[in-house]
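*Asks:* File input_28.csv follows (CSV, C-alpha atoms):
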```csv
chain,number,residue,atom,x,y,z
A,969,MET,CA,-78.7,31.8,-2.5
A,970,ALA,CA,-76.2,34.7,-2.3
A,971,ARG,CA,-74.5,35.8,-5.5
A,972,ARG,CA,-70.8,34.9,-5.7
A,973,ILE,CA,-68.0,36.5,-7.7
A,974,TRP,CA,-65.6,34.3,-9.5
A,975,VAL,CA,-62.3,35.3,-11.2
A,976,THR,CA,-60.5,33.9,-14.2
A,977,ALA,CA,-58.2,34.9,-17.1
A,978,ASP,CA,-56.5,33.6,-20.2
A,979,THR,CA,-59.0,31.0,-21.4
A,980,HIS,CA,-57.9,31.5,-25.0
A,981,PHE,CA,-61.0,29.9,-26.4
A,982,GLY,CA,-60.4,28.7,-30.0
A,983,HIS,CA,-56.7,29.2,-29.8
A,984,ALA,CA,-55.2,25.8,-30.9
A,985,GLU,CA,-51.6,27.1,-30.4
A,986,ALA,CA,-52.3,27.7,-26.7
A,987,ILE,CA,-52.1,24.0,-26.0
A,988,GLU,CA,-48.4,23.8,-26.9
A,989,LEU,CA,-47.5,27.4,-26.1
A,990,PHE,CA,-48.7,27.1,-22.5
A,991,GLY,CA,-48.3,23.3,-22.0
A,992,ARG,CA,-52.0,22.5,-21.7
A,993,PRO,CA,-52.9,18.8,-21.3
A,994,PHE,CA,-55.5,18.7,-24.1
A,995,ARG,CA,-55.4,16.8,-27.4
A,996,ASP,CA,-57.0,19.6,-29.5
A,997,VAL,CA,-58.7,22.9,-29.2
A,998,ARG,CA,-62.2,21.3,-29.1
A,999,GLU,CA,-61.2,19.3,-26.0
A,1000,MET,CA,-59.6,22.4,-24.5
A,1001,ASP,CA,-62.6,24.6,-25.0
A,1002,GLY,CA,-65.0,22.0,-23.8
A,1003,ALA,CA,-63.0,21.5,-20.6
A,1004,LEU,CA,-62.8,25.2,-19.9
A,1005,LEU,CA,-66.5,25.7,-20.4
A,1006,ASP,CA,-67.4,22.7,-18.3
A,1007,ALA,CA,-65.2,24.0,-15.5
A,1008,ILE,CA,-66.9,27.4,-15.6
A,1009,ASN,CA,-70.4,25.9,-15.7
A,1010,ALA,CA,-69.6,23.4,-12.9
A,1011,ARG,CA,-68.7,26.3,-10.5
A,1012,VAL,CA,-70.2,29.6,-11.6
A,1013,GLY,CA,-73.9,29.8,-10.9
A,1014,LYS,CA,-76.4,31.4,-13.3
A,1015,ARG,CA,-76.9,34.3,-11.0
A,1016,ASP,CA,-73.2,34.6,-10.1
A,1017,GLU,CA,-70.7,37.1,-11.6
A,1018,LEU,CA,-67.6,36.1,-13.5
A,1019,LEU,CA,-64.8,38.5,-13.7
A,1020,HIS,CA,-62.6,37.6,-16.6
A,1021,LEU,CA,-59.2,39.4,-16.7
A,1022,GLY,CA,-58.5,39.2,-20.4
A,1023,ASP,CA,-57.6,37.0,-23.4
A,1024,VAL,CA,-61.0,35.3,-23.6
A,1025,PHE,CA,-60.2,34.2,-27.1
A,1026,GLY,CA,-56.8,33.8,-28.8
A,1027,GLY,CA,-55.9,36.1,-31.6
A,1028,ILE,CA,-59.2,35.9,-33.5
A,1029,ASP,CA,-60.1,38.0,-36.6
A,1030,TRP,CA,-63.1,39.9,-35.4
A,1031,LYS,CA,-63.7,41.2,-38.9
A,1032,SER,CA,-64.6,37.7,-40.0
A,1033,ARG,CA,-68.4,37.0,-39.7
A,1034,PRO,CA,-67.9,33.2,-39.1
A,1035,VAL,CA,-65.3,34.0,-36.4
A,1036,ARG,CA,-67.8,36.4,-34.7
A,1037,CYS,CA,-70.5,33.8,-34.8
A,1038,GLU,CA,-68.3,31.1,-33.3
A,1039,ALA,CA,-67.2,33.5,-30.6
A,1040,ARG,CA,-70.8,34.3,-29.7
A,1041,ALA,CA,-71.7,30.6,-29.7
A,1042,THR,CA,-68.9,29.8,-27.4
A,1043,LEU,CA,-69.9,32.5,-24.9
A,1044,ALA,CA,-73.5,31.4,-25.1
A,1045,ARG,CA,-72.5,28.0,-23.7
A,1046,ILE,CA,-71.6,29.8,-20.4
A,1047,ARG,CA,-74.7,29.8,-18.2
A,1048,CYS,CA,-73.6,32.8,-16.2
A,1049,ARG,CA,-74.8,35.9,-17.9
A,1050,ARG,CA,-73.0,38.4,-15.7
A,1051,ILE,CA,-69.5,38.3,-17.3
A,1052,HIS,CA,-67.4,41.4,-16.7
A,1053,LEU,CA,-64.2,41.7,-18.9
A,1054,VAL,CA,-60.9,43.4,-18.2
A,1055,THR,CA,-59.6,43.5,-21.7
A,1056,GLY,CA,-56.4,41.7,-22.6
A,1057,ASN,CA,-54.0,42.0,-25.5
A,1058,GLN,CA,-55.7,39.1,-27.4
A,1059,ASP,CA,-59.2,40.6,-27.1
A,1060,PRO,CA,-60.6,42.5,-30.1
A,1061,VAL,CA,-60.8,46.2,-29.8
A,1062,SER,CA,-64.3,46.6,-31.0
A,1063,PRO,CA,-67.6,47.9,-29.5
A,1064,SER,CA,-69.4,44.8,-30.8
A,1065,PHE,CA,-67.0,42.6,-29.0
A,1066,ALA,CA,-67.4,44.6,-25.8
A,1067,ARG,CA,-71.1,44.3,-26.0
A,1068,LEU,CA,-70.8,40.5,-25.5
A,1069,PHE,CA,-70.1,41.2,-21.8
A,1070,ARG,CA,-72.0,42.9,-19.0
A,1071,SER,CA,-69.1,45.3,-18.9
A,1072,ALA,CA,-65.7,45.6,-20.6
A,1073,LYS,CA,-62.9,47.9,-19.3
A,1074,GLU,CA,-59.1,48.1,-19.5
A,1075,SER,CA,-58.9,47.9,-15.7
A,1076,ARG,CA,-61.2,47.5,-12.8
A,1077,MET,CA,-61.0,48.5,-9.1
A,1078,PHE,CA,-63.4,47.8,-6.3
A,1079,ARG,CA,-63.4,47.1,-2.5
A,1080,VAL,CA,-64.1,43.9,-0.6
A,1081,ASP,CA,-64.6,43.0,3.1
A,1082,ALA,CA,-61.6,41.3,4.7
A,1083,PRO,CA,-61.0,40.2,8.3
A,1084,GLY,CA,-59.5,43.0,10.3
A,1085,ALA,CA,-59.4,45.3,7.3
A,1086,MET,CA,-60.8,48.8,8.0
A,1087,PRO,CA,-61.7,50.4,5.6
A,1088,ARG,CA,-62.6,47.7,3.1
A,1089,LEU,CA,-59.7,46.4,1.0
A,1090,ARG,CA,-59.1,47.8,-2.4
A,1091,VAL,CA,-58.8,45.2,-5.3
A,1092,VAL,CA,-57.0,46.3,-8.4
A,1093,CYS,CA,-57.5,44.3,-11.6
A,1094,HIS,CA,-55.5,44.4,-14.8
A,1095,HIS,CA,-54.8,42.0,-17.5
A,1096,TYR,CA,-51.0,42.5,-17.1
A,1097,PRO,CA,-49.1,42.0,-13.9
A,1098,ILE,CA,-47.8,45.3,-12.5
A,1099,ARG,CA,-45.2,46.0,-9.9
A,1100,GLN,CA,-46.9,48.8,-8.1
A,1101,TRP,CA,-50.6,49.4,-7.8
A,1102,ARG,CA,-52.9,51.8,-6.0
A,1103,GLY,CA,-53.0,51.2,-2.3
A,1104,MET,CA,-50.4,48.4,-2.3
A,1105,TRP,CA,-48.6,49.7,0.8
A,1106,ALA,CA,-52.0,49.9,2.6
A,1107,GLY,CA,-52.8,46.3,1.9
A,1108,ALA,CA,-54.5,46.5,-1.5
A,1109,LEU,CA,-54.7,43.4,-3.6
A,1110,HIS,CA,-53.7,43.0,-7.3
A,1111,LEU,CA,-55.3,40.4,-9.6
A,1112,HIS,CA,-53.9,39.8,-13.0
A,1113,GLY,CA,-53.6,37.4,-15.9
A,1114,HIS,CA,-51.4,37.3,-19.0
A,1115,ALA,CA,-48.3,35.6,-17.5
A,1116,HIS,CA,-49.7,32.0,-17.5
A,1117,GLY,CA,-47.7,31.4,-14.3
A,1118,SER,CA,-44.4,32.6,-15.7
A,1119,VAL,CA,-43.7,35.5,-13.4
A,1120,GLU,CA,-43.1,35.6,-9.7
A,1121,GLU,CA,-46.0,36.9,-7.6
A,1122,PHE,CA,-45.0,40.0,-5.7
A,1123,GLY,CA,-46.6,40.9,-2.3
A,1124,ARG,CA,-50.4,40.8,-2.5
A,1125,SER,CA,-50.6,40.1,-6.2
A,1126,ILE,CA,-51.7,36.9,-7.9
A,1127,ASP,CA,-52.0,35.4,-11.3
A,1128,VAL,CA,-55.7,34.3,-11.8
A,1129,GLY,CA,-55.2,32.7,-15.2
A,1130,VAL,CA,-56.6,29.3,-15.8
A,1131,ASP,CA,-53.1,27.8,-16.2
A,1132,CYS,CA,-52.5,28.5,-12.6
A,1133,TRP,CA,-55.8,27.2,-11.3
A,1134,ASN,CA,-56.4,23.8,-12.9
A,1135,PHE,CA,-58.2,25.4,-15.8
A,1136,ALA,CA,-61.1,26.7,-13.6
A,1137,PRO,CA,-62.3,30.0,-12.2
A,1138,VAL,CA,-61.6,30.8,-8.5
A,1139,PRO,CA,-63.9,32.3,-5.9
A,1140,LEU,CA,-63.0,35.9,-5.2
A,1141,GLU,CA,-63.3,35.3,-1.4
A,1142,ASP,CA,-60.7,32.5,-1.7
A,1143,LEU,CA,-58.3,34.9,-3.5
A,1144,VAL,CA,-58.9,37.6,-0.8
A,1145,GLU,CA,-58.2,35.1,2.0
A,1146,LEU,CA,-55.0,33.8,0.3
A,1147,LEU,CA,-53.6,37.3,-0.4
A,1148,CYS,CA,-54.5,38.7,3.1
A,1149,ALA,CA,-52.3,36.0,4.6
A,1150,ARG,CA,-49.3,37.6,2.8
A,1151,ALA,CA,-47.4,40.4,4.3
A,1152,VAL,CA,-48.0,43.9,3.0
A,1153,PRO,CA,-44.9,45.2,1.1
A,1154,GLU,CA,-42.9,47.8,3.0
A,1155,GLY,CA,-43.9,51.3,2.1
A,1156,GLY,CA,-41.9,54.3,1.0
A,1157,PHE,CA,-40.0,55.3,-2.1
A,1158,ARG,CA,-36.5,53.9,-1.6
A,1159,ARG,CA,-34.3,54.7,-4.6
A,1160,VAL,CA,-32.7,51.7,-6.1
A,1161,HIS,CA,-31.4,53.4,-9.3
A,1162,PRO,CA,-28.6,55.9,-9.4
A,1163,VAL,CA,-29.4,59.5,-10.3
A,1164,ARG,CA,-28.6,59.7,-13.9
A,1165,PRO,CA,-26.8,62.8,-15.4
A,1166,ALA,CA,-28.8,64.9,-17.8
A,1167,SER,CA,-26.2,64.1,-20.4
A,1168,ALA,CA,-27.4,60.5,-20.4
A,1169,VAL,CA,-30.4,61.7,-22.4
A,1170,PRO,CA,-29.6,62.6,-26.0
A,1171,ALA,CA,-30.0,66.3,-26.7
A,1172,GLN,CA,-32.7,67.3,-29.2
A,1173,GLU,CA,-31.5,68.5,-32.5
A,1174,ALA,CA,-32.3,72.1,-33.3
```
Have the structure of the file written as structure tokens, please.

*Replies:*
Amino acid sequence: MARRIWVTADTHFGHAEAIELFGRPFRDVREMDGALLDAINARVGKRDELLHLGDVFGGIDWKSRPVRCEARATLARIRCRRIHLVTGNQDPVSPSFARLFRSAKESRMFRVDAPGAMPRLRVVCHHYPIRQWRGMWAGALHLHGHAHGSVEEFGRSIDVGVDCWNFAPVPLEDLVELLCARAVPEGGFRRVHPVRPASAVPAQEA
């Protein structure tokens, strides 16, 4: 069986406040974590790859040994062992946290096959949604999390967070097909801001 790539973001495991903050339909954090883990394991095969675009957990104190143990135990319940992380603002900045994943980077970029696309299409992944990304005018795709469905998707960009996808990961090929059906934004640098006078910048004191 061919290895598949799945994409997700913003699980916020262990983050009880996420239920009210993001309007999630769970009674408590135990139910939320269980549903998210079940959704991953029902879809992502053991040999597949899971690309997580940040905020795996929610605001945890990585200095706390019990918290670290709980986090490791949560990830151990995911049967897929090839989890690649694009770090989010809620993820601890720590080498020991990064080692829980096959890789951990602030951003990720790769190419995929797409119908009629020559060369292969670039995919740009960040935790945050960005308005311009490398190759966007040549058809490149942008995957992001963080927004929890609260910002308008621009061009070939898409929010892959669990709140936008019924709390489950999405196959990469489905995202590519969906985004390739969207028009490529018009290229060129068309100025929309006036040229500001230098006097608009406060002078430095001597």

*Asks:* Rank A:Thr976, A:Ser1125, A:Asn1134, A:Ser1064 by their smallest atom-to-atom distance to Arg1099 (chain A), using all atoms listed in the file, and report the top residue only.

*Replies:*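 Using all atoms listed in the file, Arg1099 (chain A) sits closest to A:Ser1125.
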
*Asks:* Between A:Phe994, A:Val1138, A:Tyr1096, A:Asn1009, single out the one closest to Ala1044 (chain A), counting all atoms listed in the file.

*Replies:*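 With all atoms listed in the file as the atom set, the closest residue is A:Asn1009.
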
*Asks:* Which is closer to Leu1019 (chain A) than all the others in A:Phe981, A:Phe1069, A:Trp1101, A:Trp1133, using all atoms listed in the file?

*Replies:*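 Using all atoms listed in the file, the shortest distance to Leu1019 (chain A) belongs to A:Phe1069.
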
*Asks:* Counting all atoms listed in the file, figure out which residue out of A:Ala1166, A:Leu1004, A:Ala1066, A:Ile1126 gets nearest to Leu1147 (chain A).

*Replies:* A:Ile1126

*Asks:* Measuring atom to atom with all atoms listed in the file, identify which of A:Arg1102, A:Arg1040, A:Arg1015, A:His1112 is nearest to Arg971 (chain A).

*Replies:*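 When distances to Arg971 (chain A) are compared using all atoms listed in the file, the smallest one comes from A:Arg1015.
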